[in-house]
Structure formats: C-alpha cells, structure tokens
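**Student:** Input: one structure, supplied below.
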Amino acid sequence: MVGAVIGRMFTSLLVVAGSSVLVFVILYLLPGDPVNSLLDPTFATSEQIASLRHQLGVDQPLHVQLADYFGKLLHGDFGNSLLNSEPVLPRILSQFPATLALAAASAVVAVVIGVLLGVLSAIHRNKPIDVIARIVGLLGISMPAFWSGILLLLVFSIHLGWLPTMGSNGWKTLVLPSITLGLIGAGFLVRMIRNSMLEVVNEHFIVTLRSKGLSERSIMYRHALRNALIPAVTMIGMLVGEMLAGAVVIETVFARQGIGRIIADAIMAKDLPVVQGVIFFSAIIYVSVNLIVDISYSFIDPRVRRAT
Amino acid sequence: MRETVAARSALRKRKWELPALRSSEKRFLFSKAWIVIAIAIIAFMALCAIAPQWIAPYSPVEMFTDSIMQPPSVVHPFGTDYFGRDVFSVVVYGSRESLLIGLMSVVAGGIVGGTIGALSGYVGGLLDMVLMRAIEILMTIPGILLALTIAAAMGPSMTNIVIAVAAATIPGYARVMRGQTMSINGRSYITAARSIGVSRWGIFWRHVLPNSLSPLLVMATLGIGSSILAGSSLSFLGLGVLKEIPDWGALLSQGRGYLTVAWWICTFPGLAITLLVLAVNITGDWLRDYLDPKQKEG
C-alpha cells in the first residue's frame with residue numbers, strides 16, 4: 001500500500017515535469033518573437049535587439065533554454081515577466097487566494113445542488129423533481145459560462161442592484177461568480193449521480209436489503225447513496241480541472257483578480273514566462289488533487305484497496 | 001401481524017420505490033418530442049450556416065445608422081447593435097463558424113485520440129506505456145488552458161482554433177478507445193478468429209475496430225457540444241478570428257461593454273450557443289441510449 005502510494009507520487013512528479021516540457025515546446029513554436037513586443041523594431045538598433053535576445057536567453061537553442069528553465073524551476077524560480085520584470089511565482093501566489101476562494105465557493109454550489117438533485121431525481125424518477133433535475137443537468141453542461149455569468153450580472157447587479165458587478169473584495173463579489181461556475185459542476189454531478197444511483201438500485205444487495213424488510217428510505221440514503229457516491233469521488237479530480245479552466249472565463253467576465261485573469265492577460269501580451277508559470281502551477285494543483293483522490297479512493301472503497 | 005407489515009411496506013413502497021424500469025407510452029412520447037425539437041434546432045442552425053442569406057432579413061454588415069442600439073422590435077427581432085447592425089442577421093451569419101469549429105474539432109480530436117487509443121490498446125506493451133504517459137501529461141493541463149496556449153502560440157485563425165480545441169479533447173477519446181479495444185480484444189470471438197488464422201491486423205480492422213466504435217461515437221456527439229462551448233470561449237476571450245462578421249463568442253464579447261444600455265446584444269448570441277449545445281447534448285443522450293442500452297439513463 002505504502003509502496004503503491006510512493007510509486008503514484010513518483011509518476012505524478014514525472015507527469016508534471018512532462019507537462020511543463022510540453023508547454024515549453026508549444027510556446028517555443030510561437031511565431032512572434034518576444035523581443036518584438038518589448039522593443040519597437042522600427043526604432044531599436046540591431047545591437048539593442050541582439051543584446052536583449054541574449055539577455056532573455058532566446059538566442060539559445062531549444063534544449064539549452066529548456067535546461068536553463070528547469071534548472072531555475074528546481075530552485076523555485078519561475079522566471080520574470082517580460083513586461084515588467086516582476087518575478088512570476090510571487091505574482092501567482094499573491095493572486096491564487098482569490099481563485100481558490102472562487103473555486104471553493106463554486107465547489108460548494110456544485111456539490112450541494114448536484115448531489116441533492118441527483119439523488120432526489122433518481123429516487124423520484126419521472127416525477128416533477130426528476131424533470132427539473134434533468135433540465136438543470138442539461139443546462140449546466142450546455143450554457144457557456146460567459147453567458148450565464150452575464151445574464152446573472154444583468155438581473156442581479158444591473159437591474160436589481162443587489163450585488164456588485166465586479167471586483168474581488170468581500171463575499172458579495174463571490175456570489176454570482178461562484179453560482180456561474182458552480183452550475184457547470186452541478187450539471188455534471190446531477191447527471192453522474194442520477195445514473196450511478198439508478199445503476200446501484202438494480203444491484204443484488206439492494207434486493208437483499210429490501211427482502212430483509214428495511215425501509216425504502218433507509219435503503220436509499222444509507223446504502224444506495226453511499227455506493228452511488230463512489231464514482232462521484234473520481235469526478236472531484238475532473239472538477240478541479242474544470243474550475244481552474246472556468247476561472248479564466250469567469251474572472252474575465254466578473255473582472256475578478258486571480259490566476260485565470262493573469263494567464264488571460266499574459267496570453268494577450270505574449271508574456272511567455274507568466275503563461276508558463278501559471279500552467280505549470282495549475283498542473284501541479286491538478287496532479288496533486290488527483291493523487292489525493294486516487295489514494296483516498298482506496299479508503300472509501302475497500303474493493304479498490306484489495307486490488308492494489 | 002404479517003399482514004400489517006406487508007401493508008405497511010406496501011404503503012412505504014408507494015412513496016419510495018423506484019418505478020419499474022420500463023418506459024410507459026406517455027414518457028416515450030414525451031422524450032421523443034424533445035428529440036424532435038432538438039433535431040429541428042440543429043437542422044435550422046445548420047441551414048443558417050449553409051445558406052444564411054435565406055434566413056437573415058438583412059446583410060450582417062448593413063448599418064442602420066438611424067437606429068443604433070434599438071431594442072428588439074418587429075423590424076429588428078433581436079434589436080440592433082452599436083453600429084446599427086441587425087443583431088438577428090449577425091447571429092444567423094455567425095452560426096457558420098461556431099458549427100464548423102464544433103464539428104471539425106470533434107472529427108480531428110476523435111480521429112487522433114481514437115487512433116492513439118486503438119493502437120495503445122491493441123498493440124499494448126511499450127507502445128501502450130509511452131502513449132498513455134503522453135496522454136496523462138496532456139491531461140494535466142486543463143482543457144481550455146491548453147487550447148488558450150495553443151491558440152495564442154499559433155495565432156488567430158479558424159484552423160488553429162480547431163487544432164487548439166481538438167488537442168484538448170484527445171485524452172478523453174484515447175482513453176475510452178483504449179479501454180474499449182482491450183475489452184473487445186479479450187472476447188472469445190476474437191480468439192476464435194485468431195485460431196482460424198486471421199492475420200493480426202485483419203482481426204483489428206474487421207473485428208476489433210468496428211466493435212469498439214460505438215462508445216467513441218456517443219462521446220463524439222456529446223463532444224460537439226463542449227467543443228462549440230470551448231471554441232466560443234476562445235473567441236470570447238479574444239483569441240478568435242477577427243473579421244467583419246463576428247462569430248457568437250466574439251459578438252457577445254463586443255456587446256459586453258454595452259450591457260447596461262443594450263442587454264440584447266449579449267443575450268441573443270448566448271441564447272443561440274445555449275440552444276445549439278442543448279440540442280446537440282439531447283441528441284447525444286438519445287444516441288447513447290440507442291447505441292448502448294447498458295448506459296441508459298432513465
């Protein structure tokens with residue numbers, strides 16, 4: 001068991017390293033020379049351009065740049081922004097709490113709505129609550145976040161004036177963004193939990209419980225639900241990816257601070273070290289969460305433990 | 001005593017028991033109606049993409065300078081924007097790009113991902129290990145971040161957006177196809193084919209591949225919806241193709257600045273995206289139930 005955990009941790013490290021190489025290579029293919037965005041080629045002399053290229057290290061071949069990047073990465077140096085020479089890692093760390101707050105609040109929205117509607121919909125199949133749940137599920141996965149966010153802004157901030165339209169200070173600014181992002185997760189969860197509940201209900205142990213004379217309520221909530229939630233746990237890992245990706249759009253729509261905003265701005269400005277830094281940072285988070293999910297899976301489901 | 005227990009449990013059952021797993025006629029009709037509506041929406045949007053001039057009342061570049069930012073009316077059903085363009089006509093013309101991005105990126109992602117998965121599952125061994133580690137690496141970068149990076153690196157063009165969106169979907173297809181190929185490969189009819197001397201790749205082409213395709217097909221149908229969403233997110237963030245006729249994501253993004261004074265510029269393109277994706281997802285759900293009754297949803 002311990003060996004398996006250490007093995008998983010090792011592969012996770014390799015995967016994170018691999019993803020940073022991948023991003024480096026993609027960005028290396030970027031046609032625009034980063035020097036052009038810093039110096040105006042019509043005014044700068046060729047010596048100035050050459051010296052800046054040398055200073056940034058972009059005159060080196062790919063493998064030298066890559067080795068240099070990794071060497072610095074191992075020392076916790078994510079490089080400096082091309083625009084204002086600000087170190088990348090402190091900037092990410094200072095903005096990360098805002099994204100974390102958004103992700104956490106959205107996760108609460110997603111889990112509360114998703115689990116509740118998913119379970120009720122499976123228990124009351126084909127009743128009005130089931131229809132509502134299926135509509136919520138479909139809308140959650142079909143509405144673009146930038147549109148649902150704008151609709152919420154239109155109704156609750158502009159027309160009713162209950163909540164602020166932008167910013168990231170205080171809980172009030174968190175309400176609309178977290179509902180917008182949470183609804184996407186809720187959509188996925190409703191569909192998943194409904195399906196897995198309906199599957200569990202047909203299993204033999206449920207028939208056994210029923211024949212033992214247990215009340216339907218206890219069968220549903222104490223036995224069926226617990227088993228139906230197991231596959232939902234793996235979705236947590238996937239949801240974290242969704243939240244990180246959703247943050248890019250949501251933080252732009254609601255003009256919030258956060259790492260999604262950093263990367264959206266950096267991509268527009270072709271600020272490569274910042275883009276690399278944010279992607280590397282989110283890859284670390286994504287991989288760590290999935291590692292924890294994998295390990296905790298064996299505690300939740302004894303059948304998995306026996307298999308490893 | 002026994003009777004009361006039975007009566008009580010019957011009462012309880014009435015409240016809690018799940019209805020039996022057969023579809024009543026009424027529900028059948030109800031669900032069928034949804035699919036008909038969904039397919040009608042898709043057909044209409046496809047018509048908008050193929051022949052927008054038949055549906056749009058005006059040219060998308062015609063500017064009605066005397067009626068700038070007018071709310072929806074009989075003359076302009078979706079209102080007009082800040083240039084005085086008819087929003088309905090712009091939305092109709094903008095459908096082509098959204099549909100094409102959705103379809104093409106699913107085809108590209110499905111073919112590349114499916115091939116990787118099929119090879120990985122059928123050949124196995126070292127190739128499987130190398131390919132799956134590569135897929136795992138690709139998976140660590142959340143979809144839209146990968147698409148954003150690729151789109152930013154390659155510059156704004158329709159092909160690049162398709163590549164960016166498709167690349168983010170490769171891991172999903174590869175993993176499903178790998179699992180499916182491996183499971184089919186273990187069936188006894190494959191052993192039977194092998195025992196009568198069918199060549200390795202003959203088995204693959206004639207037996208393994210055709211039998212592994214249906215989950216990929218379902219996934220691809222549901223994937224069209226998420227690819228349309230991803231593509232429009234990219235153009236909303238400003239990485240789309242800049243041209244005279246904006247696609248839905250770009251139109252919405254431009255209208256955002258006028259939200260307080262002209263809600264219709266943002267609302268209708270978003271409604272178009274939602275309706276299209278909703279219709280595609282309903283069709284995908286139906287296709288899944290039809291092709292793979294095991295995964296059937298209620």
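To be explicit about the labels: the chains of the structure tokens are called A, B, and onward in the order shown, and within each one the residues are counted from 1, while ligands get numbers from 1 in the order they are shown.
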If we count only C-alpha atoms, what is near range 88-92 of chain A at a cut-off of 9 Å, once residues fewer than 4 positions away on the same chain are taken out, given as a list in words?

**Tutor:**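 Near neighbours after the sequence-gap exclusion: Gly76, Asp77, Phe78, Gly79, Asn80, Ser81, Phe96, Gly258, Ile259, Ile262, Pro273, Val274, Gly277, Val278 and Phe281 of chain A.
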
**Student:** Considering only C-alpha atoms, tabulate each residue of chain B that lies at most 6 Å from chain A along with its nearest interatomic pair and the corresponding distance in Å to one decimal; arrange the rows by chain and ascending residue number and present them as a Markdown table.

**Tutor:**
```
| residue | atom | partner | partner_atom | distance |
| --- | --- | --- | --- | --- |
| B:Trp16 | CA | A:Glu216 | CA | 5.8 |
| B:Leu18 | CA | A:Ile123 | CA | 6.0 |
| B:Ile137 | CA | A:Ser19 | CA | 5.1 |
| B:Thr140 | CA | A:Ala283 | CA | 5.2 |
| B:Ile141 | CA | A:Ala283 | CA | 5.6 |
| B:Pro142 | CA | A:Gly241 | CA | 5.1 |
| B:Ile144 | CA | A:Ala245 | CA | 5.6 |
| B:Ala153 | CA | A:Leu30 | CA | 4.3 |
| B:Met154 | CA | A:Leu30 | CA | 6.0 |
| B:Leu229 | CA | A:Pro144 | CA | 5.9 |
| B:Gly270 | CA | A:Trp147 | CA | 5.5 |
| B:Thr274 | CA | A:Met143 | CA | 5.0 |
| B:Val277 | CA | A:Ser142 | CA | 5.3 |
| B:Leu278 | CA | A:Ser142 | CA | 5.2 |
```

**Student:** Take the selection from the previous step and output its residues with N, CA and C atoms, as a PDB file, in the first residue's frame.

**Tutor:**
```pdb
ATOM      1  N   TRP B  16     -41.682   5.399  -1.837  1.00  0.00           N
ATOM      2  CA  TRP B  16     -40.239   5.431  -2.069  1.00  0.00           C
ATOM      3  C   TRP B  16     -39.729   4.585  -3.215  1.00  0.00           C
ATOM      4  N   LEU B  18     -38.645   2.927  -6.561  1.00  0.00           N
ATOM      5  CA  LEU B  18     -38.403   3.441  -7.892  1.00  0.00           C
ATOM      6  C   LEU B  18     -39.362   2.759  -8.839  1.00  0.00           C
ATOM      7  N   ILE B 137       0.153  13.258 -19.520  1.00  0.00           N
ATOM      8  CA  ILE B 137       0.767  14.594 -19.486  1.00  0.00           C
ATOM      9  C   ILE B 137      -0.183  15.616 -20.087  1.00  0.00           C
ATOM     10  N   THR B 140      -2.916  16.798 -17.732  1.00  0.00           N
ATOM     11  CA  THR B 140      -2.660  17.649 -16.564  1.00  0.00           C
ATOM     12  C   THR B 140      -2.946  19.104 -16.861  1.00  0.00           C
ATOM     13  N   ILE B 141      -3.010  19.451 -18.142  1.00  0.00           N
ATOM     14  CA  ILE B 141      -3.290  20.850 -18.459  1.00  0.00           C
ATOM     15  C   ILE B 141      -4.780  20.955 -18.745  1.00  0.00           C
ATOM     16  N   PRO B 142      -5.533  21.646 -17.876  1.00  0.00           N
ATOM     17  CA  PRO B 142      -6.974  21.747 -18.069  1.00  0.00           C
ATOM     18  C   PRO B 142      -7.315  22.234 -19.463  1.00  0.00           C
ATOM     19  N   ILE B 144      -9.206  24.165 -21.390  1.00  0.00           N
ATOM     20  CA  ILE B 144      -9.206  25.482 -22.025  1.00  0.00           C
ATOM     21  C   ILE B 144      -7.844  26.169 -21.909  1.00  0.00           C
ATOM     22  N   ALA B 153      -0.265  30.579 -29.239  1.00  0.00           N
ATOM     23  CA  ALA B 153       1.019  30.297 -29.856  1.00  0.00           C
ATOM     24  C   ALA B 153       0.910  30.315 -31.373  1.00  0.00           C
ATOM     25  N   MET B 154      -0.209  29.825 -31.919  1.00  0.00           N
ATOM     26  CA  MET B 154      -0.297  29.686 -33.363  1.00  0.00           C
ATOM     27  C   MET B 154      -0.989  30.856 -34.037  1.00  0.00           C
ATOM     28  N   LEU B 229     -18.742  25.035 -27.157  1.00  0.00           N
ATOM     29  CA  LEU B 229     -18.536  25.900 -25.985  1.00  0.00           C
ATOM     30  C   LEU B 229     -17.085  26.361 -25.899  1.00  0.00           C
ATOM     31  N   GLY B 270     -25.664  34.471 -26.991  1.00  0.00           N
ATOM     32  CA  GLY B 270     -25.521  33.465 -25.936  1.00  0.00           C
ATOM     33  C   GLY B 270     -26.647  32.458 -25.984  1.00  0.00           C
ATOM     34  N   THR B 274     -26.378  28.443 -26.433  1.00  0.00           N
ATOM     35  CA  THR B 274     -27.004  27.529 -25.478  1.00  0.00           C
ATOM     36  C   THR B 274     -27.988  26.590 -26.173  1.00  0.00           C
ATOM     37  N   VAL B 277     -26.050  23.971 -28.279  1.00  0.00           N
ATOM     38  CA  VAL B 277     -25.351  22.971 -27.456  1.00  0.00           C
ATOM     39  C   VAL B 277     -26.363  22.072 -26.750  1.00  0.00           C
ATOM     40  N   LEU B 278     -27.449  22.671 -26.273  1.00  0.00           N
ATOM     41  CA  LEU B 278     -28.506  21.906 -25.620  1.00  0.00           C
ATOM     42  C   LEU B 278     -29.077  20.862 -26.587  1.00  0.00           C
TER      43      LEU B 278
END
```

**Student:** Enter the distance from CA of Tyr122 in chain B to CA of Thr191 in chain B, in Å, rounded to one decimal.

**Tutor:**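 Those two atoms sit 13.6 Å apart.
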
**Student:** If I take CA of Arg175 in chain B and CA of Gly114 in chain B, how far is one from the other in Å, to one decimal?

**Tutor:**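 Value for the CA of Arg175 in chain B-CA of Gly114 in chain B distance: 8.3 Å.
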
**Student:** Restricting the calculation to only C-alpha atoms: of B:Gly109, B:Gly94, B:Pro171, B:Pro77, which residue gets closest to Ser235 in chain B?

**Tutor:**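 Result for the nearest residue to Ser235 in chain B: B:Gly94.
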
**Student:** Of the candidates B:Leu131, B:Ser227, B:Gly121, B:Thr115, which shows the shortest atom-to-atom distance to Ala168 in chain B, using only C-alpha atoms?

**Tutor:**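 Distance minimum relative to Ala168 in chain B lands on B:Ser227.
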
**Student:** Can you check which residues of range 56-179 of chain B DSSP gives as alpha helix (DSSP H) on the backbone and send them as a PyMOL selection string?

**Tutor:** chain B and resi 87-123+125-139+143-154+158-179

**Student:** Write out as number ranges by chain which residues come within 12 Å of Ile224 in chain B when counting only C-alpha atoms, dropping same-chain ones fewer than 3 positions away.

**Tutor:** A: 141-142; B: 42, 98-110, 162, 165-166, 169, 217-221, 227-231, 273, 276-284

**Student:** Under the rule that only C-alpha atoms are counted, which of A:Ala98, A:Ile132, A:Val207, A:Val25 is the nearest residue to Leu116 in chain A?

**Tutor:**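 For Leu116 in chain A, the nearest of the candidates is A:Ile132.
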
**Student:** Extract, using only C-alpha atoms, all DNA, RNA and protein residues at most 9 Å from Phe236 in chain B, discarding same-chain residues fewer than 5 positions from it, and format them as a short mmCIF file (atom, residue, chain, number, x, y, z; two decimals) with N, CA and C atoms, in the first residue's frame.

**Tutor:**
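Final file, around38.cif:
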```
data_model
loop_
_atom_site.label_atom_id
_atom_site.label_comp_id
_atom_site.auth_asym_id
_atom_site.auth_seq_id
_atom_site.Cartn_x
_atom_site.Cartn_y
_atom_site.Cartn_z
N PHE A 146 -19.60 32.23 -19.86
CA PHE A 146 -19.56 33.69 -20.02
C PHE A 146 -20.96 34.24 -20.23
N VAL A 249 -12.38 32.21 -17.72
CA VAL A 249 -13.53 32.92 -18.28
C VAL A 249 -14.24 33.75 -17.21
N GLY B 231 -14.79 26.52 -28.29
CA GLY B 231 -14.47 27.43 -29.38
C GLY B 231 -15.01 28.83 -29.12
N TRP B 248 -20.38 33.97 -32.67
CA TRP B 248 -21.20 34.22 -31.50
C TRP B 248 -20.38 34.68 -30.28
N GLY B 249 -19.26 34.00 -30.05
CA GLY B 249 -18.44 34.34 -28.88
C GLY B 249 -17.91 35.77 -28.97
N ALA B 250 -17.45 36.15 -30.18
CA ALA B 250 -16.89 37.49 -30.36
C ALA B 250 -17.98 38.55 -30.27
N LEU B 251 -19.16 38.26 -30.84
CA LEU B 251 -20.27 39.21 -30.80
C LEU B 251 -20.67 39.49 -29.35
N LEU B 252 -20.71 38.40 -28.56
CA LEU B 252 -21.08 38.52 -27.16
C LEU B 252 -20.06 39.36 -26.41
N SER B 253 -18.78 39.10 -26.72
CA SER B 253 -17.71 39.80 -26.05
C SER B 253 -17.75 41.30 -26.39
N GLN B 254 -18.06 41.61 -27.67
CA GLN B 254 -18.16 43.02 -28.06
C GLN B 254 -19.34 43.69 -27.38
#
```

**Student:** Give the answer as one residue: which of B:Arg85, B:His76, B:Arg288, B:Arg256 has the shortest atom-to-atom distance to Val61 in chain B, using only C-alpha atoms?

**Tutor:**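 For Val61 in chain B, the nearest of the candidates is B:Arg85.
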
**Student:** Have a look at CA of Met182 in chain B and CA of Leu138 in chain B and let me know their distance in Å, one decimal.

**Tutor:**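 So the answer is 21.5 Å.
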